[in-house]
Amino acid sequence: MAYMKSEDLRAFRALARMLYFSNDTIKHFLENATAGQIAAVSNMIRFELSVRDARKIERLMRKAKFPQIKSFEGYDYSQISFPEGYSKDDLEGLEFVNAAQDFVFYGQTGRGKTHLAIAIGIKCVQSGKIVRFFTAADLVMALERAKRENTLEVLLRDIAKSDLIVIDERRPPVSGHGGRGTPGPI
């Protein structure tokens, strides 16, 4: 790091926090900066953008409220049948989300429906999409509470901003002693 007076460092940090540059400013900088300065500032901007992207994903993951982290990696598709014209690649490619199509997973307990729904949701979040995960019971309780508290419109607007809404009809845990929940149809 270059040696600078502390007030210069504070001033630079304050300026850098604004990070919205006009084309005129960029032109001025490029005309007056050395190659090393351009490389250093470019590196700083790339780093800042990566930090912002990471924080956005963290924020979207918190908002989604997934009960656990799941992925497609290692998922056993042997118990899954797809509607005609759909495949594993269509599901993992998320095109149905972009096309605002519904997908309903149903079947016997333990087939991985919740796992698959969470994996889809997480992949959507990783691509910058807004996702909300609810159990059916939690969604009903949230809607009832919002109606009671006269905030139903606010809740509905918030949910409507989602690119994907996962509603899981999970059954309660087998035991209150850390037993695993039993996934159900979604």
# chains A, B, ... in the order shown; residues from 1 in each chain; ligands from 1
>>> select_by_dssp(residues="stretch 14-112 of chain A", states="alpha helix (DSSP H)", output="short mmCIF file (atom, residue, chain, number, x, y, z; two decimals) with all heavy atoms, in the first residue's frame")
data_model
loop_
_atom_site.label_atom_id
_atom_site.label_comp_id
_atom_site.auth_asym_id
_atom_site.auth_seq_id
_atom_site.Cartn_x
_atom_site.Cartn_y
_atom_site.Cartn_z
N ALA A 14 -13.80 8.10 1.49
CA ALA A 14 -15.11 8.75 1.35
C ALA A 14 -15.50 8.88 -0.12
O ALA A 14 -16.65 8.63 -0.49
CB ALA A 14 -15.08 10.13 2.02
N LEU A 15 -14.55 9.24 -0.93
CA LEU A 15 -14.83 9.35 -2.36
C LEU A 15 -15.14 8.00 -2.98
O LEU A 15 -16.07 7.87 -3.79
CB LEU A 15 -13.64 10.00 -3.08
CG LEU A 15 -13.41 11.48 -2.81
CD1 LEU A 15 -12.07 11.92 -3.41
CD2 LEU A 15 -14.54 12.31 -3.39
N ALA A 16 -14.37 7.00 -2.61
CA ALA A 16 -14.55 5.67 -3.19
C ALA A 16 -15.91 5.09 -2.83
O ALA A 16 -16.49 4.32 -3.60
CB ALA A 16 -13.44 4.74 -2.72
N ARG A 17 -16.45 5.47 -1.68
CA ARG A 17 -17.75 4.96 -1.25
C ARG A 17 -18.86 5.38 -2.20
O ARG A 17 -19.89 4.74 -2.30
CB ARG A 17 -18.10 5.45 0.16
CG ARG A 17 -17.23 4.91 1.24
CD ARG A 17 -17.52 3.49 1.63
NE ARG A 17 -18.87 3.35 2.11
CZ ARG A 17 -19.61 2.27 1.96
NH1 ARG A 17 -19.13 1.24 1.35
NH2 ARG A 17 -20.81 2.21 2.42
N MET A 18 -18.65 6.46 -2.91
CA MET A 18 -19.68 6.95 -3.83
C MET A 18 -19.73 6.13 -5.12
O MET A 18 -20.79 5.93 -5.68
CB MET A 18 -19.46 8.42 -4.11
CG MET A 18 -19.62 9.25 -2.86
SD MET A 18 -19.20 10.95 -3.18
CE MET A 18 -19.13 11.57 -1.51
N ASN A 23 -19.29 9.36 -17.39
CA ASN A 23 -18.39 9.13 -18.52
C ASN A 23 -17.33 10.22 -18.60
O ASN A 23 -16.19 9.95 -18.97
CB ASN A 23 -19.17 9.04 -19.82
CG ASN A 23 -19.91 7.72 -19.94
OD1 ASN A 23 -19.47 6.71 -19.42
ND2 ASN A 23 -21.03 7.74 -20.62
N ASP A 24 -17.70 11.46 -18.27
CA ASP A 24 -16.73 12.56 -18.28
C ASP A 24 -15.61 12.32 -17.27
O ASP A 24 -14.44 12.56 -17.55
CB ASP A 24 -17.42 13.90 -17.97
CG ASP A 24 -18.36 14.34 -19.08
OD1 ASP A 24 -18.18 13.87 -20.24
OD2 ASP A 24 -19.26 15.14 -18.80
N THR A 25 -15.98 11.83 -16.09
CA THR A 25 -14.99 11.56 -15.06
C THR A 25 -14.07 10.42 -15.48
O THR A 25 -12.85 10.48 -15.30
CB THR A 25 -15.68 11.21 -13.73
OG1 THR A 25 -16.49 12.32 -13.34
CG2 THR A 25 -14.68 10.90 -12.63
N ILE A 26 -14.65 9.40 -16.06
CA ILE A 26 -13.84 8.27 -16.53
C ILE A 26 -12.87 8.74 -17.61
O ILE A 26 -11.68 8.41 -17.58
CB ILE A 26 -14.75 7.14 -17.04
CG1 ILE A 26 -15.56 6.55 -15.87
CG2 ILE A 26 -13.93 6.05 -17.74
CD1 ILE A 26 -16.67 5.63 -16.29
N LYS A 27 -13.37 9.55 -18.53
CA LYS A 27 -12.50 10.08 -19.60
C LYS A 27 -11.36 10.90 -19.00
O LYS A 27 -10.19 10.74 -19.37
CB LYS A 27 -13.33 10.93 -20.56
CG LYS A 27 -12.53 11.52 -21.69
CD LYS A 27 -13.41 12.36 -22.60
CE LYS A 27 -12.54 13.04 -23.65
NZ LYS A 27 -13.26 14.08 -24.35
N HIS A 28 -11.68 11.76 -18.03
CA HIS A 28 -10.67 12.59 -17.37
C HIS A 28 -9.61 11.72 -16.68
O HIS A 28 -8.42 11.96 -16.80
CB HIS A 28 -11.34 13.53 -16.36
CG HIS A 28 -10.37 14.30 -15.52
ND1 HIS A 28 -9.69 15.39 -15.98
CD2 HIS A 28 -9.95 14.10 -14.24
CE1 HIS A 28 -8.89 15.85 -15.03
NE2 HIS A 28 -9.03 15.07 -13.95
N PHE A 29 -10.08 10.71 -15.97
CA PHE A 29 -9.15 9.82 -15.28
C PHE A 29 -8.23 9.12 -16.27
O PHE A 29 -7.02 9.06 -16.08
CB PHE A 29 -9.92 8.80 -14.43
CG PHE A 29 -9.04 7.78 -13.78
CD1 PHE A 29 -8.24 8.12 -12.70
CD2 PHE A 29 -9.00 6.47 -14.24
CE1 PHE A 29 -7.41 7.18 -12.10
CE2 PHE A 29 -8.18 5.52 -13.65
CZ PHE A 29 -7.38 5.89 -12.57
N LEU A 30 -8.81 8.58 -17.32
CA LEU A 30 -8.01 7.84 -18.29
C LEU A 30 -6.99 8.73 -19.01
O LEU A 30 -5.90 8.28 -19.37
CB LEU A 30 -8.91 7.14 -19.30
CG LEU A 30 -9.77 6.00 -18.74
CD1 LEU A 30 -10.74 5.48 -19.77
CD2 LEU A 30 -8.90 4.88 -18.17
N GLU A 31 -7.33 9.99 -19.19
CA GLU A 31 -6.40 10.93 -19.85
C GLU A 31 -5.25 11.34 -18.93
O GLU A 31 -4.18 11.70 -19.40
CB GLU A 31 -7.15 12.20 -20.31
CG GLU A 31 -8.09 11.96 -21.47
CD GLU A 31 -8.97 13.16 -21.78
OE1 GLU A 31 -9.02 14.12 -20.99
OE2 GLU A 31 -9.65 13.10 -22.82
N ASN A 32 -5.47 11.27 -17.61
CA ASN A 32 -4.48 11.78 -16.67
C ASN A 32 -3.77 10.72 -15.83
O ASN A 32 -2.79 11.03 -15.16
CB ASN A 32 -5.13 12.81 -15.74
CG ASN A 32 -5.56 14.03 -16.49
OD1 ASN A 32 -4.74 14.78 -17.01
ND2 ASN A 32 -6.87 14.24 -16.61
N ALA A 35 -0.57 4.03 -16.40
CA ALA A 35 -1.04 2.65 -16.59
C ALA A 35 -1.17 1.93 -15.24
O ALA A 35 -2.12 1.18 -15.02
CB ALA A 35 -0.09 1.90 -17.51
N GLY A 36 -0.23 2.16 -14.34
CA GLY A 36 -0.28 1.55 -13.02
C GLY A 36 -1.48 2.02 -12.22
O GLY A 36 -2.11 1.23 -11.51
N GLN A 37 -1.79 3.31 -12.32
CA GLN A 37 -2.95 3.85 -11.60
C GLN A 37 -4.25 3.26 -12.17
O GLN A 37 -5.15 2.90 -11.41
CB GLN A 37 -2.97 5.37 -11.70
CG GLN A 37 -1.87 6.04 -10.91
CD GLN A 37 -1.74 7.52 -11.24
OE1 GLN A 37 -2.01 7.96 -12.35
NE2 GLN A 37 -1.29 8.29 -10.24
N ILE A 38 -4.31 3.15 -13.49
CA ILE A 38 -5.51 2.58 -14.11
C ILE A 38 -5.68 1.12 -13.68
O ILE A 38 -6.77 0.69 -13.32
CB ILE A 38 -5.44 2.69 -15.65
CG1 ILE A 38 -5.53 4.17 -16.06
CG2 ILE A 38 -6.55 1.88 -16.31
CD1 ILE A 38 -5.22 4.44 -17.52
N ALA A 39 -4.57 0.38 -13.66
CA ALA A 39 -4.63 -1.02 -13.24
C ALA A 39 -5.07 -1.12 -11.78
O ALA A 39 -5.90 -1.97 -11.43
CB ALA A 39 -3.27 -1.69 -13.45
N ALA A 40 -4.52 -0.27 -10.92
CA ALA A 40 -4.86 -0.32 -9.50
C ALA A 40 -6.33 0.02 -9.27
O ALA A 40 -7.03 -0.67 -8.51
CB ALA A 40 -3.97 0.63 -8.71
N VAL A 41 -6.82 1.06 -9.92
CA VAL A 41 -8.23 1.45 -9.75
C VAL A 41 -9.14 0.39 -10.35
O VAL A 41 -10.19 0.06 -9.78
CB VAL A 41 -8.49 2.85 -10.34
CG1 VAL A 41 -9.97 3.16 -10.38
CG2 VAL A 41 -7.75 3.91 -9.52
N SER A 42 -8.75 -0.18 -11.49
CA SER A 42 -9.55 -1.25 -12.11
C SER A 42 -9.65 -2.44 -11.16
O SER A 42 -10.72 -3.02 -11.00
CB SER A 42 -8.93 -1.68 -13.43
OG SER A 42 -8.97 -0.64 -14.36
N ASN A 43 -8.54 -2.79 -10.54
CA ASN A 43 -8.52 -3.89 -9.58
C ASN A 43 -9.43 -3.58 -8.39
O ASN A 43 -10.18 -4.45 -7.93
CB ASN A 43 -7.08 -4.15 -9.12
CG ASN A 43 -6.98 -5.39 -8.26
OD1 ASN A 43 -7.61 -6.41 -8.56
ND2 ASN A 43 -6.21 -5.31 -7.20
N MET A 44 -9.39 -2.36 -7.91
CA MET A 44 -10.24 -1.97 -6.78
C MET A 44 -11.72 -2.08 -7.16
O MET A 44 -12.54 -2.59 -6.40
CB MET A 44 -9.92 -0.54 -6.33
CG MET A 44 -10.79 -0.09 -5.17
SD MET A 44 -10.60 1.65 -4.73
CE MET A 44 -11.38 2.46 -6.11
N ILE A 45 -12.06 -1.60 -8.35
CA ILE A 45 -13.47 -1.63 -8.77
C ILE A 45 -13.94 -3.07 -8.95
O ILE A 45 -15.03 -3.43 -8.52
CB ILE A 45 -13.68 -0.79 -10.04
CG1 ILE A 45 -13.49 0.70 -9.71
CG2 ILE A 45 -15.06 -1.03 -10.63
CD1 ILE A 45 -13.46 1.61 -10.93
N ARG A 46 -13.12 -3.91 -9.56
CA ARG A 46 -13.48 -5.33 -9.71
C ARG A 46 -13.69 -5.98 -8.35
O ARG A 46 -14.64 -6.73 -8.14
CB ARG A 46 -12.41 -6.08 -10.50
CG ARG A 46 -12.55 -5.97 -12.01
CD ARG A 46 -11.66 -6.97 -12.73
NE ARG A 46 -10.25 -6.64 -12.58
CZ ARG A 46 -9.61 -5.73 -13.31
NH1 ARG A 46 -10.24 -5.07 -14.25
NH2 ARG A 46 -8.32 -5.50 -13.11
N PHE A 47 -12.80 -5.69 -7.41
CA PHE A 47 -12.93 -6.25 -6.07
C PHE A 47 -14.22 -5.77 -5.41
O PHE A 47 -14.96 -6.55 -4.82
CB PHE A 47 -11.71 -5.90 -5.21
CG PHE A 47 -11.78 -6.48 -3.83
CD1 PHE A 47 -11.50 -7.82 -3.63
CD2 PHE A 47 -12.14 -5.70 -2.75
CE1 PHE A 47 -11.58 -8.38 -2.36
CE2 PHE A 47 -12.22 -6.25 -1.48
CZ PHE A 47 -11.94 -7.59 -1.29
N GLU A 48 -14.49 -4.48 -5.51
CA GLU A 48 -15.71 -3.92 -4.92
C GLU A 48 -16.96 -4.57 -5.51
O GLU A 48 -17.90 -4.92 -4.79
CB GLU A 48 -15.77 -2.41 -5.12
CG GLU A 48 -17.07 -1.76 -4.66
CD GLU A 48 -17.35 -1.87 -3.17
OE1 GLU A 48 -16.43 -2.17 -2.39
OE2 GLU A 48 -18.51 -1.65 -2.78
N LEU A 49 -16.97 -4.75 -6.82
CA LEU A 49 -18.12 -5.38 -7.46
C LEU A 49 -18.28 -6.83 -7.00
O LEU A 49 -19.41 -7.29 -6.79
CB LEU A 49 -18.01 -5.29 -8.98
CG LEU A 49 -18.11 -3.87 -9.54
CD1 LEU A 49 -17.84 -3.87 -11.04
CD2 LEU A 49 -19.47 -3.25 -9.22
N SER A 50 -17.18 -7.54 -6.80
CA SER A 50 -17.28 -8.92 -6.31
C SER A 50 -17.80 -8.94 -4.87
O SER A 50 -18.58 -9.83 -4.51
CB SER A 50 -15.94 -9.65 -6.43
OG SER A 50 -15.01 -9.17 -5.49
N VAL A 51 -17.38 -7.98 -4.06
CA VAL A 51 -17.89 -7.88 -2.68
C VAL A 51 -19.39 -7.59 -2.70
O VAL A 51 -20.16 -8.21 -1.96
CB VAL A 51 -17.12 -6.79 -1.89
CG1 VAL A 51 -17.82 -6.47 -0.57
CG2 VAL A 51 -15.69 -7.22 -1.63
N ARG A 52 -19.79 -6.69 -3.56
CA ARG A 52 -21.23 -6.36 -3.66
C ARG A 52 -22.04 -7.57 -4.11
O ARG A 52 -23.13 -7.82 -3.58
CB ARG A 52 -21.45 -5.19 -4.62
CG ARG A 52 -20.99 -3.88 -4.05
CD ARG A 52 -21.27 -2.77 -5.02
NE ARG A 52 -20.75 -1.50 -4.50
CZ ARG A 52 -21.06 -0.33 -5.01
NH1 ARG A 52 -21.85 -0.23 -6.06
NH2 ARG A 52 -20.56 0.78 -4.48
N ASP A 53 -21.52 -8.31 -5.10
CA ASP A 53 -22.23 -9.50 -5.56
C ASP A 53 -22.36 -10.52 -4.43
O ASP A 53 -23.43 -11.10 -4.23
CB ASP A 53 -21.49 -10.14 -6.75
CG ASP A 53 -21.67 -9.36 -8.04
OD1 ASP A 53 -22.58 -8.50 -8.12
OD2 ASP A 53 -20.89 -9.62 -8.98
N ALA A 54 -21.28 -10.74 -3.70
CA ALA A 54 -21.31 -11.71 -2.60
C ALA A 54 -22.32 -11.28 -1.53
O ALA A 54 -23.08 -12.11 -1.00
CB ALA A 54 -19.92 -11.88 -1.99
N ARG A 55 -22.33 -10.00 -1.21
CA ARG A 55 -23.28 -9.51 -0.19
C ARG A 55 -24.71 -9.61 -0.68
O ARG A 55 -25.62 -9.89 0.11
CB ARG A 55 -22.92 -8.08 0.21
CG ARG A 55 -21.69 -8.04 1.07
CD ARG A 55 -21.39 -6.67 1.58
NE ARG A 55 -20.19 -6.70 2.40
CZ ARG A 55 -19.37 -5.69 2.57
NH1 ARG A 55 -19.63 -4.53 1.98
NH2 ARG A 55 -18.30 -5.80 3.33
N LYS A 56 -24.91 -9.39 -1.97
CA LYS A 56 -26.26 -9.52 -2.52
C LYS A 56 -26.74 -10.96 -2.38
O LYS A 56 -27.88 -11.20 -1.96
CB LYS A 56 -26.28 -9.11 -3.99
CG LYS A 56 -27.64 -9.27 -4.64
CD LYS A 56 -27.62 -8.91 -6.10
CE LYS A 56 -29.00 -9.11 -6.71
NZ LYS A 56 -29.02 -8.83 -8.14
N ILE A 57 -25.87 -11.92 -2.70
CA ILE A 57 -26.24 -13.33 -2.57
C ILE A 57 -26.53 -13.66 -1.10
O ILE A 57 -27.53 -14.34 -0.80
CB ILE A 57 -25.13 -14.25 -3.13
CG1 ILE A 57 -24.88 -13.98 -4.62
CG2 ILE A 57 -25.46 -15.72 -2.88
CD1 ILE A 57 -26.06 -14.13 -5.52
N GLU A 58 -25.71 -13.18 -0.19
CA GLU A 58 -25.95 -13.41 1.23
C GLU A 58 -27.30 -12.84 1.65
O GLU A 58 -28.05 -13.48 2.40
CB GLU A 58 -24.84 -12.77 2.07
CG GLU A 58 -23.50 -13.45 1.97
CD GLU A 58 -22.37 -12.65 2.61
OE1 GLU A 58 -22.64 -11.59 3.24
OE2 GLU A 58 -21.20 -13.07 2.47
N ARG A 59 -27.59 -11.63 1.20
CA ARG A 59 -28.87 -10.98 1.53
C ARG A 59 -30.05 -11.77 0.95
O ARG A 59 -31.05 -12.00 1.63
CB ARG A 59 -28.84 -9.54 0.98
CG ARG A 59 -29.91 -8.65 1.48
CD ARG A 59 -29.71 -7.19 1.07
NE ARG A 59 -29.52 -7.00 -0.37
CZ ARG A 59 -28.36 -6.70 -0.97
NH1 ARG A 59 -27.27 -6.54 -0.27
NH2 ARG A 59 -28.29 -6.55 -2.27
N LEU A 60 -29.92 -12.22 -0.29
CA LEU A 60 -30.99 -13.00 -0.91
C LEU A 60 -31.18 -14.34 -0.22
O LEU A 60 -32.31 -14.82 -0.07
CB LEU A 60 -30.70 -13.20 -2.40
CG LEU A 60 -30.81 -11.96 -3.29
CD1 LEU A 60 -30.32 -12.27 -4.71
CD2 LEU A 60 -32.23 -11.42 -3.32
N MET A 61 -30.07 -14.96 0.23
CA MET A 61 -30.18 -16.23 0.95
C MET A 61 -30.92 -16.04 2.29
O MET A 61 -31.76 -16.85 2.66
CB MET A 61 -28.79 -16.83 1.20
CG MET A 61 -28.15 -17.44 -0.03
SD MET A 61 -28.98 -18.89 -0.67
CE MET A 61 -28.50 -20.10 0.55
N ARG A 62 -30.60 -14.95 2.99
CA ARG A 62 -31.30 -14.69 4.26
C ARG A 62 -32.78 -14.45 4.01
O ARG A 62 -33.63 -14.97 4.75
CB ARG A 62 -30.69 -13.48 4.97
CG ARG A 62 -29.43 -13.77 5.74
CD ARG A 62 -29.02 -12.64 6.64
NE ARG A 62 -28.94 -11.35 5.98
CZ ARG A 62 -27.88 -10.87 5.33
NH1 ARG A 62 -26.78 -11.58 5.26
NH2 ARG A 62 -27.92 -9.68 4.77
N LYS A 63 -33.08 -13.69 2.98
CA LYS A 63 -34.49 -13.38 2.69
C LYS A 63 -35.26 -14.63 2.27
O LYS A 63 -36.42 -14.79 2.60
CB LYS A 63 -34.59 -12.31 1.61
CG LYS A 63 -36.01 -11.86 1.35
CD LYS A 63 -36.05 -10.62 0.49
CE LYS A 63 -37.45 -10.14 0.27
NZ LYS A 63 -37.96 -9.32 1.33
N ALA A 64 -34.59 -15.55 1.56
CA ALA A 64 -35.26 -16.76 1.09
C ALA A 64 -35.69 -17.65 2.25
O ALA A 64 -36.72 -18.31 2.19
CB ALA A 64 -34.35 -17.54 0.15
N LYS A 88 -34.09 -33.45 -16.60
CA LYS A 88 -33.24 -32.98 -15.51
C LYS A 88 -32.56 -31.66 -15.90
O LYS A 88 -32.50 -30.73 -15.11
CB LYS A 88 -32.20 -34.07 -15.20
CG LYS A 88 -31.05 -33.64 -14.36
CD LYS A 88 -29.98 -34.72 -14.32
CE LYS A 88 -28.74 -34.11 -13.72
NZ LYS A 88 -27.55 -34.85 -13.95
N ASP A 89 -32.07 -31.60 -17.13
CA ASP A 89 -31.39 -30.39 -17.59
C ASP A 89 -32.32 -29.18 -17.62
O ASP A 89 -31.91 -28.06 -17.31
CB ASP A 89 -30.76 -30.61 -18.98
CG ASP A 89 -29.63 -31.63 -18.93
OD1 ASP A 89 -29.00 -31.78 -17.85
OD2 ASP A 89 -29.40 -32.29 -19.96
N ASP A 90 -33.59 -29.41 -18.01
CA ASP A 90 -34.56 -28.31 -17.99
C ASP A 90 -34.78 -27.80 -16.58
O ASP A 90 -34.85 -26.60 -16.34
CB ASP A 90 -35.91 -28.77 -18.58
CG ASP A 90 -35.82 -29.11 -20.05
OD1 ASP A 90 -35.17 -28.37 -20.79
OD2 ASP A 90 -36.42 -30.14 -20.43
N LEU A 91 -34.87 -28.72 -15.64
CA LEU A 91 -35.08 -28.34 -14.25
C LEU A 91 -33.88 -27.58 -13.71
O LEU A 91 -34.02 -26.50 -13.14
CB LEU A 91 -35.34 -29.60 -13.41
CG LEU A 91 -35.82 -29.36 -11.99
CD1 LEU A 91 -37.22 -28.79 -12.00
CD2 LEU A 91 -35.80 -30.67 -11.22
N GLU A 92 -32.68 -28.13 -13.90
CA GLU A 92 -31.47 -27.50 -13.38
C GLU A 92 -31.11 -26.22 -14.14
O GLU A 92 -30.41 -25.36 -13.59
CB GLU A 92 -30.31 -28.49 -13.41
CG GLU A 92 -30.46 -29.61 -12.41
CD GLU A 92 -29.27 -30.55 -12.37
OE1 GLU A 92 -28.23 -30.23 -12.97
OE2 GLU A 92 -29.39 -31.61 -11.73
N GLY A 93 -31.57 -26.10 -15.37
CA GLY A 93 -31.28 -24.91 -16.17
C GLY A 93 -32.13 -23.71 -15.77
O GLY A 93 -31.86 -22.58 -16.19
N GLU A 95 -34.90 -22.61 -16.68
CA GLU A 95 -35.65 -21.88 -17.71
C GLU A 95 -37.12 -21.75 -17.33
O GLU A 95 -37.77 -20.76 -17.64
CB GLU A 95 -35.49 -22.55 -19.07
CG GLU A 95 -35.96 -21.71 -20.23
CD GLU A 95 -35.38 -20.29 -20.25
OE1 GLU A 95 -34.17 -20.13 -20.01
OE2 GLU A 95 -36.14 -19.33 -20.49
N PHE A 96 -37.66 -22.74 -16.62
CA PHE A 96 -39.05 -22.67 -16.19
C PHE A 96 -39.29 -21.50 -15.25
O PHE A 96 -40.36 -20.91 -15.21
CB PHE A 96 -39.52 -23.99 -15.56
CG PHE A 96 -38.98 -24.24 -14.18
CD1 PHE A 96 -39.74 -23.92 -13.07
CD2 PHE A 96 -37.73 -24.81 -13.99
CE1 PHE A 96 -39.25 -24.16 -11.79
CE2 PHE A 96 -37.25 -25.06 -12.73
CZ PHE A 96 -38.01 -24.73 -11.63
N VAL A 97 -38.26 -21.12 -14.49
CA VAL A 97 -38.38 -19.95 -13.60
C VAL A 97 -38.43 -18.68 -14.45
O VAL A 97 -39.28 -17.82 -14.23
CB VAL A 97 -37.21 -19.89 -12.59
CG1 VAL A 97 -37.28 -18.61 -11.75
CG2 VAL A 97 -37.21 -21.11 -11.69
N ASN A 98 -37.53 -18.58 -15.42
CA ASN A 98 -37.51 -17.41 -16.30
C ASN A 98 -38.82 -17.28 -17.07
O ASN A 98 -39.27 -16.17 -17.35
CB ASN A 98 -36.33 -17.48 -17.27
CG ASN A 98 -35.01 -17.45 -16.56
OD1 ASN A 98 -34.88 -16.87 -15.49
ND2 ASN A 98 -34.00 -18.08 -17.15
#
>>> select_by_dssp(residues="chain A", states="strand (DSSP E or B)", output="JSON, numbers by chain")
{"A": [131, 132, 133, 134, 135, 164, 165, 166, 167, 168, 173, 181]}
>>> atom_distance(atom1="atom CA of A:Tyr106", atom2="atom CA of A:Ser81")
10.3 Å
